[in-house]
Structure formats: C-alpha cells, structure tokens
file target.pdb (PDB, C-alpha atoms)
ATOM      1  CA  MET A   1      -4.176 -14.274  43.876
ATOM      2  CA  ARG A   2      -7.215 -12.693  45.509
ATOM      3  CA  ARG A   3      -5.826  -9.233  44.829
ATOM      4  CA  LEU A   4      -5.362 -10.125  41.155
ATOM      5  CA  ALA A   5      -8.920 -11.481  40.904
ATOM      6  CA  PHE A   6     -10.280  -8.362  42.600
ATOM      7  CA  ALA A   7      -8.254  -6.112  40.275
ATOM      8  CA  VAL A   8      -9.596  -7.945  37.226
ATOM      9  CA  LEU A   9     -13.191  -7.680  38.496
ATOM     10  CA  ALA A  10     -12.750  -4.015  39.389
ATOM     11  CA  SER A  11     -11.338  -3.287  35.935
ATOM     12  CA  ALA A  12     -14.195  -5.119  34.228
ATOM     13  CA  PHE A  13     -16.727  -3.219  36.349
ATOM     14  CA  ALA A  14     -15.062   0.120  35.591
ATOM     15  CA  ILE A  15     -15.157  -0.621  31.856
ATOM     16  CA  SER A  16     -18.766  -1.825  31.872
ATOM     17  CA  LEU A  17     -20.068   1.056  34.016
ATOM     18  CA  PRO A  18     -20.067   3.624  31.171
ATOM     19  CA  LEU A  19     -21.692   1.057  28.885
ATOM     20  CA  PHE A  20     -24.409   0.423  31.474
ATOM     21  CA  ALA A  21     -24.963   4.157  31.925
ATOM     22  CA  GLU A  22     -25.353   4.614  28.149
ATOM     23  CA  GLN A  23     -27.769   1.697  27.915
ATOM     24  CA  GLU A  24     -29.726   3.089  30.831
ATOM     25  CA  ALA A  25     -29.881   6.510  29.170
ATOM     26  CA  GLY A  26     -31.115   4.923  25.939
ATOM     27  CA  THR A  27     -33.835   3.108  27.830
ATOM     28  CA  ARG A  28     -34.787   6.327  29.589
ATOM     29  CA  PHE A  29     -35.021   8.089  26.226
ATOM     30  CA  ALA A  30     -37.176   5.269  24.825
ATOM     31  CA  VAL A  31     -39.607   5.337  27.731
ATOM     32  CA  ALA A  32     -39.921   9.129  27.653
ATOM     33  CA  ILE A  33     -40.531   9.147  23.898
ATOM     34  CA  GLU A  34     -43.063   6.300  24.051
ATOM     35  CA  ARG A  35     -44.963   8.282  26.689
ATOM     36  CA  ASN A  36     -44.716  11.498  24.615
ATOM     37  CA  ASP A  37     -43.073  13.019  27.687
ATOM     38  CA  ALA A  38     -41.230  16.051  26.341
ATOM     39  CA  GLU A  39     -40.299  17.163  29.870
ATOM     40  CA  ALA A  40     -38.506  13.859  30.523
ATOM     41  CA  VAL A  41     -36.642  14.177  27.215
ATOM     42  CA  LYS A  42     -35.689  17.746  28.112
ATOM     43  CA  ALA A  43     -34.469  16.552  31.513
ATOM     44  CA  LEU A  44     -32.238  13.935  29.845
ATOM     45  CA  LEU A  45     -30.793  16.558  27.521
ATOM     46  CA  ASP A  46     -30.307  18.963  30.445
ATOM     47  CA  GLU A  47     -28.418  16.186  32.292
ATOM     48  CA  GLY A  48     -26.014  16.127  29.357
ATOM     49  CA  VAL A  49     -27.130  12.803  27.928
ATOM     50  CA  PRO A  50     -25.929  12.855  24.293
ATOM     51  CA  VAL A  51     -28.676  13.403  21.738
ATOM     52  CA  ASP A  52     -27.303  10.490  19.702
ATOM     53  CA  THR A  53     -27.418   7.990  22.583
ATOM     54  CA  PHE A  54     -28.477   4.645  21.200
ATOM     55  CA  ILE A  55     -31.723   2.998  22.210
ATOM     56  CA  ASP A  56     -31.075  -0.726  22.186
ATOM     57  CA  TYR A  57     -33.708  -3.027  20.687
ATOM     58  CA  GLY A  58     -31.842  -6.311  20.771
ATOM     59  CA  GLU A  59     -29.594  -6.428  17.731
ATOM     60  CA  HIS A  60     -30.982  -3.110  16.494
ATOM     61  CA  LYS A  61     -29.947   0.255  17.828
ATOM     62  CA  ILE A  62     -31.726   3.494  16.998
ATOM     63  CA  THR A  63     -31.364   7.100  18.049
ATOM     64  CA  PRO A  64     -33.898   9.092  20.048
ATOM     65  CA  LEU A  65     -34.685  11.111  16.901
ATOM     66  CA  MET A  66     -35.488   7.936  14.968
ATOM     67  CA  LYS A  67     -37.725   6.740  17.807
ATOM     68  CA  ALA A  68     -39.512  10.095  18.081
ATOM     69  CA  ALA A  69     -40.089  10.147  14.304
ATOM     70  CA  TRP A  70     -41.585   6.640  14.506
ATOM     71  CA  GLU A  71     -43.854   7.746  17.354
ATOM     72  CA  GLY A  72     -44.818  10.911  15.462
ATOM     73  CA  ASP A  73     -44.075  13.374  18.264
ATOM     74  CA  ALA A  74     -43.175  16.714  16.643
ATOM     75  CA  THR A  75     -42.465  18.441  19.963
ATOM     76  CA  ILE A  76     -39.832  15.880  20.901
ATOM     77  CA  VAL A  77     -38.394  15.775  17.375
ATOM     78  CA  GLU A  78     -38.032  19.570  17.389
ATOM     79  CA  MET A  79     -36.361  19.425  20.805
ATOM     80  CA  LEU A  80     -33.894  16.769  19.640
ATOM     81  CA  LEU A  81     -33.079  18.705  16.462
ATOM     82  CA  ALA A  82     -32.500  21.864  18.507
ATOM     83  CA  ALA A  83     -30.153  19.853  20.744
ATOM     84  CA  GLY A  84     -28.048  18.828  17.748
ATOM     85  CA  ALA A  85     -29.601  15.648  16.389
ATOM     86  CA  LYS A  86     -28.910  15.267  12.678
ATOM     87  CA  ILE A  87     -31.963  14.894  10.474
ATOM     88  CA  GLU A  88     -30.213  12.552   8.024
ATOM     89  CA  ASP A  89     -28.395  10.360  10.570
ATOM     90  CA  GLY A  90     -29.738   6.912  11.016
ATOM     91  CA  ALA A  91     -28.791   3.437  12.044
ATOM     92  CA  HIS A  92     -28.930   0.691   9.432
ATOM     93  CA  GLY A  93     -29.171   3.292   6.639
ATOM     94  CA  MET A  94     -32.583   4.448   7.848
ATOM     95  CA  PRO A  95     -32.809   8.107   8.765
ATOM     96  CA  PRO A  96     -35.778   9.413  10.776
ATOM     97  CA  LEU A  97     -37.885  10.106   7.658
ATOM     98  CA  GLN A  98     -37.858   6.399   6.792
ATOM     99  CA  PHE A  99     -39.027   5.586  10.316
ATOM    100  CA  ALA A 100     -41.910   8.055  10.007
ATOM    101  CA  ALA A 101     -42.829   6.644   6.579
ATOM    102  CA  SER A 102     -42.730   3.038   7.766
ATOM    103  CA  ALA A 103     -45.068   3.985  10.618
ATOM    104  CA  GLY A 104     -47.377   5.903   8.269
ATOM    105  CA  LYS A 105     -46.968   9.159  10.220
ATOM    106  CA  VAL A 106     -48.027  11.689   7.565
ATOM    107  CA  ASP A 107     -47.729  14.758   9.789
ATOM    108  CA  MET A 108     -44.245  13.682  10.861
ATOM    109  CA  ILE A 109     -43.217  13.067   7.254
ATOM    110  CA  ARG A 110     -44.242  16.621   6.367
ATOM    111  CA  PHE A 111     -42.612  17.992   9.523
ATOM    112  CA  LEU A 112     -39.256  16.325   8.810
ATOM    113  CA  VAL A 113     -39.186  17.355   5.149
ATOM    114  CA  LYS A 114     -40.028  20.935   6.130
ATOM    115  CA  ARG A 115     -37.014  20.855   8.441
ATOM    116  CA  GLY A 116     -34.663  19.593   5.770
ATOM    117  CA  ALA A 117     -35.048  15.828   5.505
ATOM    118  CA  ASN A 118     -34.324  14.627   1.977
ATOM    119  CA  VAL A 119     -37.485  12.962   0.691
ATOM    120  CA  ASN A 120     -35.328  10.965  -1.747
ATOM    121  CA  TYR A 121     -32.648   9.916   0.739
ATOM    122  CA  GLY A 122     -31.160   6.635  -0.436
ATOM    123  CA  VAL A 123     -31.877   7.076  -4.153
ATOM    124  CA  LYS A 124     -28.279   7.839  -5.210
ATOM    125  CA  ALA A 125     -26.937   4.811  -3.354
ATOM    126  CA  GLY A 126     -29.673   2.496  -4.642
ATOM    127  CA  GLY A 127     -31.047   2.114  -1.157
ATOM    128  CA  GLN A 128     -34.489   2.031   0.354
ATOM    129  CA  THR A 129     -36.402   5.303   0.270
ATOM    130  CA  ALA A 130     -39.111   6.679   2.502
ATOM    131  CA  LEU A 131     -41.580   5.998  -0.325
ATOM    132  CA  LEU A 132     -40.640   2.311  -0.357
ATOM    133  CA  TYR A 133     -41.034   2.060   3.416
ATOM    134  CA  ALA A 134     -44.499   3.621   3.193
ATOM    135  CA  ILE A 135     -45.420   1.164   0.419
ATOM    136  CA  TYR A 136     -44.111  -1.833   2.383
ATOM    137  CA  GLY A 137     -46.327  -0.734   5.269
ATOM    138  CA  GLY A 138     -49.341  -0.210   3.025
ATOM    139  CA  HIS A 139     -49.668   3.393   4.210
ATOM    140  CA  VAL A 140     -51.714   5.023   1.444
ATOM    141  CA  ASP A 141     -51.798   8.502   2.990
ATOM    142  CA  ALA A 142     -48.043   8.424   3.618
ATOM    143  CA  VAL A 143     -47.432   7.424  -0.003
ATOM    144  CA  LYS A 144     -49.632  10.294  -1.202
ATOM    145  CA  ALA A 145     -47.818  12.753   1.077
ATOM    146  CA  LEU A 146     -44.394  11.606  -0.106
ATOM    147  CA  ILE A 147     -45.445  11.931  -3.740
ATOM    148  CA  GLU A 148     -46.734  15.466  -3.018
ATOM    149  CA  LEU A 149     -43.345  16.198  -1.446
ATOM    150  CA  LYS A 150     -41.629  15.103  -4.682
ATOM    151  CA  ALA A 151     -40.545  11.572  -3.832
ATOM    152  CA  ASP A 152     -39.033   9.862  -6.878
ATOM    153  CA  VAL A 153     -41.696   7.366  -7.981
ATOM    154  CA  ASN A 154     -39.202   5.697 -10.345
ATOM    155  CA  ALA A 155     -36.272   5.298  -7.931
ATOM    156  CA  LYS A 156     -34.600   1.913  -8.186
ATOM    157  CA  THR A 157     -32.810   0.012  -5.446
ATOM    158  CA  LYS A 158     -29.615  -1.990  -5.963
ATOM    159  CA  ASP A 159     -31.843  -5.070  -6.078
ATOM    160  CA  GLY A 160     -33.946  -3.572  -8.873
ATOM    161  CA  ASP A 161     -37.029  -2.797  -6.785
ATOM    162  CA  THR A 162     -39.033   0.302  -7.604
ATOM    163  CA  PRO A 163     -42.014   1.757  -5.770
ATOM    164  CA  LEU A 164     -44.329   0.291  -8.419
ATOM    165  CA  SER A 165     -42.745  -3.183  -8.293
ATOM    166  CA  ALA A 166     -42.959  -3.124  -4.490
ATOM    167  CA  ALA A 167     -46.660  -2.250  -4.626
ATOM    168  CA  LYS A 168     -47.241  -5.021  -7.178
ATOM    169  CA  LYS A 169     -45.453  -7.595  -4.988
ATOM    170  CA  GLY A 170     -47.778  -6.648  -2.150
ATOM    171  CA  ASP A 171     -50.930  -6.756  -4.307
ATOM    172  CA  GLN A 172     -51.638  -3.174  -3.281
ATOM    173  CA  GLU A 173     -53.989  -2.109  -6.076
ATOM    174  CA  GLU A 174     -54.734   1.326  -4.627
ATOM    175  CA  LEU A 175     -51.037   2.130  -4.310
ATOM    176  CA  ILE A 176     -50.365   0.827  -7.824
ATOM    177  CA  ALA A 177     -52.987   3.242  -9.198
ATOM    178  CA  ILE A 178     -51.600   6.161  -7.155
ATOM    179  CA  LEU A 179     -48.035   5.472  -8.305
ATOM    180  CA  LYS A 180     -49.037   5.137 -11.975
ATOM    181  CA  ALA A 181     -51.011   8.389 -11.761
ATOM    182  CA  ALA A 182     -47.847  10.027 -10.372
ATOM    183  CA  GLY A 183     -45.771   8.810 -13.311
ATOM    184  CA  ALA A 184     -44.327   5.510 -12.082
ATOM    185  CA  LYS A 185     -43.180   3.469 -15.071
ATOM    186  CA  LYS A 186     -41.829   0.125 -13.839
TER
END

call {"tool": "encode", "arguments": {"input": "target.pdb", "output": "structure tokens"}}
result
Amino acid sequence: MRRLAFAVLASAFAISLPLFAEQEAGTRFAVAIERNDAEAVKALLDEGVPVDTFIDYGEHKITPLMKAAWEGDATIVEMLLAAGAKIEDGAHGMPPLQFAASAGKVDMIRFLVKRGANVNYGVKAGGQTALLYAIYGGHVDAVKALIELKADVNAKTKDGDTPLSAAKKGDQEELIAILKAAGAKK
C-alpha cells in the first residue's frame, strides 16, 4: 500500500514539475519585463524558455510580448519578436497592439504597427479594436495616433459598439470631437 501511495505521489510530482517550471518561467519573464531588464529577458531566451510562455495573472494568461507591449518597452518587444514571438498572437483575442493601446503607450503603438501589427485587428470578426481599447482608457494621444495610423473610426463590434458610441458612453467630449473630425458617423 505504501509503495502504491508513493508511486501515485511520485507520478503527480513528475506531472506537476513541468507545469511548475513553466509557471516559474512566466513569473521570471513578468518580473524582468516590469523592471525593463532586457538582459534578464535575453537570459531567459538563451536558456531556451519559449517566447510564448504564459505569464499567469490569476484567471488571465498573457504572453511576454503582450506584457512588454503594455509596459511600452521597445527593446524587449524587439527582442521577443526576433526570438519568434508573433505580433498578432494574443490571449483572450487581444494581441499586443491592444495591450499598448489600453495602456496609452503611443510610442509602442507606432512601434508595433511599423513592425506589422494590424491597426484594425478585430474589425472583420466584430471584435474589439486597438482604437476601442484606447477610447475605453481615455487615452487621447493613443486615439490620435491610431487614427493617424488609419484605424477604422467606424468599425462596429458584434454588440454594435463603435468608437464614437464608446466615447459617448464614457462622456469623453474631447474624444467625440476627435472621432467626428476623423469621419466617425455613429
């Protein structure tokens, strides 16, 4: 009986060990990115830690590229892209550009679009766009940048929201004026 119990525990430990290592790697990525520590990120990549390792935030999981876009660190984003991170991959339907927009990181928005991020990602599926995330956050400069980069000011979500309706719901008069000046209709 003791041998059976030990075998069960050993099996459970062997199965959970890779999961623990992945979680640990995700935490290490998160800490390095939050500290803008490109050398620590490089060390993780050099160790062979996968570039798409998830960073666990409770029920939400994001990639290092999504985290770096949120933080606005172009050096780390460039490093992750060079290591194979995909610019349009994202958890919960939110690629890195949406993270940058929701954080109001104008330089990162421009950086990601220059490297191939689709400024209108989500439009065809009726999903949330970077422009909507910038509006929800009240980030005027991010909204202006996205419009300059050709964000669709009339995109409509499955729920019927548009950039203009989102700005109106938030009583964001400055954004309403910017969107109307850019051609937003509804």

call {"tool": "resolve_selection", "arguments": {"input": "target.pdb", "expression": "the PyMOL selection byres ((chain A and resi 70) around 6)", "output": "list in words"}}
result
Lys67, Ala68, Ala69, Glu71, Gly72, Phe99, Ala100 and Ala103 of chain A

call {"tool": "write_last_selection", "arguments": {"input": "target.pdb", "atoms": "C-alpha atoms", "output": "CSV table (one decimal), in the coordinates of the input"}}
result
chain,number,residue,atom,x,y,z
A,67,LYS,CA,-37.7,6.7,17.8
A,68,ALA,CA,-39.5,10.1,18.1
A,69,ALA,CA,-40.1,10.1,14.3
A,71,GLU,CA,-43.9,7.7,17.4
A,72,GLY,CA,-44.8,10.9,15.5
A,99,PHE,CA,-39.0,5.6,10.3
A,100,ALA,CA,-41.9,8.1,10.0
A,103,ALA,CA,-45.1,4.0,10.6

call {"tool": "atom_distance", "arguments": {"input": "target.pdb", "atom1": "CA of Asn36 (chain A)", "atom2": "CA of Glu88 (chain A)"}}
result
22.1 Å

call {"tool": "residues_around", "arguments": {"input": "target.pdb", "residues": "Ala101 (chain A)", "least_positions_apart": "3", "cutoff": "7 Å", "atoms": "all atoms listed in the file", "output": "PyMOL selection string"}}
result
chain A and resi 97-98+104-105+109+130+133-134+142

call {"tool": "closest_residue", "arguments": {"input": "target.pdb", "among": "A:Val106, A:Gln128, A:Val113, A:Val119", "to": "Met94 (chain A)", "atoms": "only C-alpha atoms"}}
result
A:Gln128

call {"tool": "closest_residue", "arguments": {"input": "target.pdb", "among": "A:Ile62, A:Ile76, A:Ala83, A:Ala177", "to": "Pro50 (chain A)", "atoms": "only C-alpha atoms"}}
result
A:Ala83

call {"tool": "resolve_selection", "arguments": {"input": "target.pdb", "expression": "the PyMOL selection byres ((chain A and resi 122) around 10)", "output": "list in words"}}
result
Gly93, Met94, Pro95, Gln98, Asn118, Val119, Asn120, Tyr121, Val123, Lys124, Ala125, Gly126, Gly127, Gln128, Thr129, Ala130, Ala155, Lys156 and Thr157 of chain A

call {"tool": "residues_around", "arguments": {"input": "target.pdb", "residues": "Leu132 (chain A)", "least_positions_apart": "6", "cutoff": "9 Å", "atoms": "only C-alpha atoms", "output": "list in words"}}
result
Gln98, Ala101, Ser102, Val143, Asp161, Thr162, Pro163, Ala166 and Ala167 of chain A

call {"tool": "write_last_selection", "arguments": {"input": "target.pdb", "atoms": "C-alpha atoms", "output": "mmCIF file, keeping the file's coordinate frame"}}
result
data_model
loop_
_atom_site.group_PDB
_atom_site.id
_atom_site.type_symbol
_atom_site.label_atom_id
_atom_site.label_comp_id
_atom_site.auth_asym_id
_atom_site.auth_seq_id
_atom_site.Cartn_x
_atom_site.Cartn_y
_atom_site.Cartn_z
ATOM 1 C CA GLN A 98 -37.858 6.399 6.792
ATOM 2 C CA ALA A 101 -42.829 6.644 6.579
ATOM 3 C CA SER A 102 -42.730 3.038 7.766
ATOM 4 C CA VAL A 143 -47.432 7.424 -0.003
ATOM 5 C CA ASP A 161 -37.029 -2.797 -6.785
ATOM 6 C CA THR A 162 -39.033 0.302 -7.604
ATOM 7 C CA PRO A 163 -42.014 1.757 -5.770
ATOM 8 C CA ALA A 166 -42.959 -3.124 -4.490
ATOM 9 C CA ALA A 167 -46.660 -2.250 -4.626
#

call {"tool": "residues_near_point", "arguments": {"input": "target.pdb", "point": "(-44.8, -3.4, -11.2)", "cutoff": "12 Å", "atoms": "all atoms listed in the file", "output": "PyMOL selection string"}}
result
chain A and resi 153-154+156+160-173+175-177+179-180+184-186

call {"tool": "resolve_selection", "arguments": {"input": "target.pdb", "expression": "the PyMOL selection byres ((chain A and resi 55) around 9)", "output": "number ranges by chain"}}
result
A: 22-30, 53-54, 56-57, 60-64, 67

call {"tool": "atom_distance", "arguments": {"input": "target.pdb", "atom1": "CA of Ile178 (chain A)", "atom2": "CA of Ile147 (chain A)"}}
result
9.1 Å

call {"tool": "atom_distance", "arguments": {"input": "target.pdb", "atom1": "CA of Gly116 (chain A)", "atom2": "CA of Leu149 (chain A)"}}
result
11.8 Å

call {"tool": "build_atoms", "arguments": {"input": "target.pdb", "residues": "region 123-144 of chain A", "atoms": "N, CA, C and O atoms", "output": "PDB file, in the coordinates of the input"}}
result
ATOM      1  N   VAL A 123     -31.749   7.294  -2.715  1.00  0.00           N
ATOM      2  CA  VAL A 123     -31.877   7.076  -4.153  1.00  0.00           C
ATOM      3  C   VAL A 123     -30.516   6.939  -4.820  1.00  0.00           C
ATOM      4  O   VAL A 123     -30.277   5.995  -5.581  1.00  0.00           O
ATOM      5  N   LYS A 124     -29.594   7.853  -4.543  1.00  0.00           N
ATOM      6  CA  LYS A 124     -28.279   7.839  -5.210  1.00  0.00           C
ATOM      7  C   LYS A 124     -27.502   6.561  -4.917  1.00  0.00           C
ATOM      8  O   LYS A 124     -26.768   6.068  -5.760  1.00  0.00           O
ATOM      9  N   ALA A 125     -27.668   6.022  -3.736  1.00  0.00           N
ATOM     10  CA  ALA A 125     -26.937   4.811  -3.354  1.00  0.00           C
ATOM     11  C   ALA A 125     -27.692   3.533  -3.721  1.00  0.00           C
ATOM     12  O   ALA A 125     -27.216   2.438  -3.463  1.00  0.00           O
ATOM     13  N   GLY A 126     -28.884   3.675  -4.303  1.00  0.00           N
ATOM     14  CA  GLY A 126     -29.673   2.496  -4.642  1.00  0.00           C
ATOM     15  C   GLY A 126     -30.278   1.839  -3.422  1.00  0.00           C
ATOM     16  O   GLY A 126     -30.550   0.645  -3.413  1.00  0.00           O
ATOM     17  N   GLY A 127     -30.494   2.651  -2.399  1.00  0.00           N
ATOM     18  CA  GLY A 127     -31.047   2.114  -1.157  1.00  0.00           C
ATOM     19  C   GLY A 127     -32.555   2.275  -1.052  1.00  0.00           C
ATOM     20  O   GLY A 127     -33.220   2.740  -1.977  1.00  0.00           O
ATOM     21  N   GLN A 128     -33.062   1.898   0.085  1.00  0.00           N
ATOM     22  CA  GLN A 128     -34.489   2.031   0.354  1.00  0.00           C
ATOM     23  C   GLN A 128     -34.826   3.501   0.584  1.00  0.00           C
ATOM     24  O   GLN A 128     -34.076   4.213   1.233  1.00  0.00           O
ATOM     25  N   THR A 129     -35.954   3.925   0.086  1.00  0.00           N
ATOM     26  CA  THR A 129     -36.402   5.303   0.270  1.00  0.00           C
ATOM     27  C   THR A 129     -37.595   5.333   1.210  1.00  0.00           C
ATOM     28  O   THR A 129     -38.219   4.300   1.485  1.00  0.00           O
ATOM     29  N   ALA A 130     -37.926   6.517   1.655  1.00  0.00           N
ATOM     30  CA  ALA A 130     -39.111   6.679   2.502  1.00  0.00           C
ATOM     31  C   ALA A 130     -40.351   6.179   1.767  1.00  0.00           C
ATOM     32  O   ALA A 130     -41.230   5.551   2.362  1.00  0.00           O
ATOM     33  N   LEU A 131     -40.426   6.449   0.465  1.00  0.00           N
ATOM     34  CA  LEU A 131     -41.580   5.998  -0.325  1.00  0.00           C
ATOM     35  C   LEU A 131     -41.700   4.482  -0.283  1.00  0.00           C
ATOM     36  O   LEU A 131     -42.800   3.942  -0.101  1.00  0.00           O
ATOM     37  N   LEU A 132     -40.593   3.782  -0.428  1.00  0.00           N
ATOM     38  CA  LEU A 132     -40.640   2.311  -0.357  1.00  0.00           C
ATOM     39  C   LEU A 132     -41.102   1.832   1.018  1.00  0.00           C
ATOM     40  O   LEU A 132     -41.914   0.913   1.114  1.00  0.00           O
ATOM     41  N   TYR A 133     -40.605   2.475   2.070  1.00  0.00           N
ATOM     42  CA  TYR A 133     -41.034   2.060   3.416  1.00  0.00           C
ATOM     43  C   TYR A 133     -42.528   2.277   3.613  1.00  0.00           C
ATOM     44  O   TYR A 133     -43.213   1.452   4.227  1.00  0.00           O
ATOM     45  N   ALA A 134     -43.056   3.372   3.089  1.00  0.00           N
ATOM     46  CA  ALA A 134     -44.499   3.621   3.193  1.00  0.00           C
ATOM     47  C   ALA A 134     -45.280   2.573   2.404  1.00  0.00           C
ATOM     48  O   ALA A 134     -46.332   2.099   2.856  1.00  0.00           O
ATOM     49  N   ILE A 135     -44.763   2.198   1.236  1.00  0.00           N
ATOM     50  CA  ILE A 135     -45.420   1.164   0.419  1.00  0.00           C
ATOM     51  C   ILE A 135     -45.379  -0.179   1.137  1.00  0.00           C
ATOM     52  O   ILE A 135     -46.401  -0.876   1.211  1.00  0.00           O
ATOM     53  N   TYR A 136     -44.218  -0.553   1.667  1.00  0.00           N
ATOM     54  CA  TYR A 136     -44.111  -1.833   2.383  1.00  0.00           C
ATOM     55  C   TYR A 136     -45.115  -1.911   3.532  1.00  0.00           C
ATOM     56  O   TYR A 136     -45.643  -2.973   3.825  1.00  0.00           O
ATOM     57  N   GLY A 137     -45.373  -0.761   4.165  1.00  0.00           N
ATOM     58  CA  GLY A 137     -46.327  -0.734   5.269  1.00  0.00           C
ATOM     59  C   GLY A 137     -47.773  -0.582   4.824  1.00  0.00           C
ATOM     60  O   GLY A 137     -48.685  -0.636   5.651  1.00  0.00           O
ATOM     61  N   GLY A 138     -47.979  -0.379   3.526  1.00  0.00           N
ATOM     62  CA  GLY A 138     -49.341  -0.210   3.025  1.00  0.00           C
ATOM     63  C   GLY A 138     -49.984   1.094   3.465  1.00  0.00           C
ATOM     64  O   GLY A 138     -51.203   1.186   3.569  1.00  0.00           O
ATOM     65  N   HIS A 139     -49.171   2.115   3.695  1.00  0.00           N
ATOM     66  CA  HIS A 139     -49.668   3.393   4.210  1.00  0.00           C
ATOM     67  C   HIS A 139     -50.014   4.335   3.053  1.00  0.00           C
ATOM     68  O   HIS A 139     -49.184   5.118   2.583  1.00  0.00           O
ATOM     69  N   VAL A 140     -51.253   4.264   2.604  1.00  0.00           N
ATOM     70  CA  VAL A 140     -51.714   5.023   1.444  1.00  0.00           C
ATOM     71  C   VAL A 140     -51.512   6.523   1.632  1.00  0.00           C
ATOM     72  O   VAL A 140     -50.984   7.205   0.747  1.00  0.00           O
ATOM     73  N   ASP A 141     -51.924   7.056   2.770  1.00  0.00           N
ATOM     74  CA  ASP A 141     -51.798   8.502   2.990  1.00  0.00           C
ATOM     75  C   ASP A 141     -50.335   8.943   3.041  1.00  0.00           C
ATOM     76  O   ASP A 141     -49.990  10.034   2.576  1.00  0.00           O
ATOM     77  N   ALA A 142     -49.476   8.101   3.584  1.00  0.00           N
ATOM     78  CA  ALA A 142     -48.043   8.424   3.618  1.00  0.00           C
ATOM     79  C   ALA A 142     -47.468   8.413   2.205  1.00  0.00           C
ATOM     80  O   ALA A 142     -46.663   9.282   1.854  1.00  0.00           O
ATOM     81  N   VAL A 143     -47.890   7.472   1.389  1.00  0.00           N
ATOM     82  CA  VAL A 143     -47.432   7.424  -0.003  1.00  0.00           C
ATOM     83  C   VAL A 143     -47.870   8.690  -0.729  1.00  0.00           C
ATOM     84  O   VAL A 143     -47.079   9.332  -1.427  1.00  0.00           O
ATOM     85  N   LYS A 144     -49.125   9.073  -0.562  1.00  0.00           N
ATOM     86  CA  LYS A 144     -49.632  10.294  -1.202  1.00  0.00           C
ATOM     87  C   LYS A 144     -48.833  11.513  -0.754  1.00  0.00           C
ATOM     88  O   LYS A 144     -48.471  12.364  -1.573  1.00  0.00           O
TER      89      LYS A 144
END
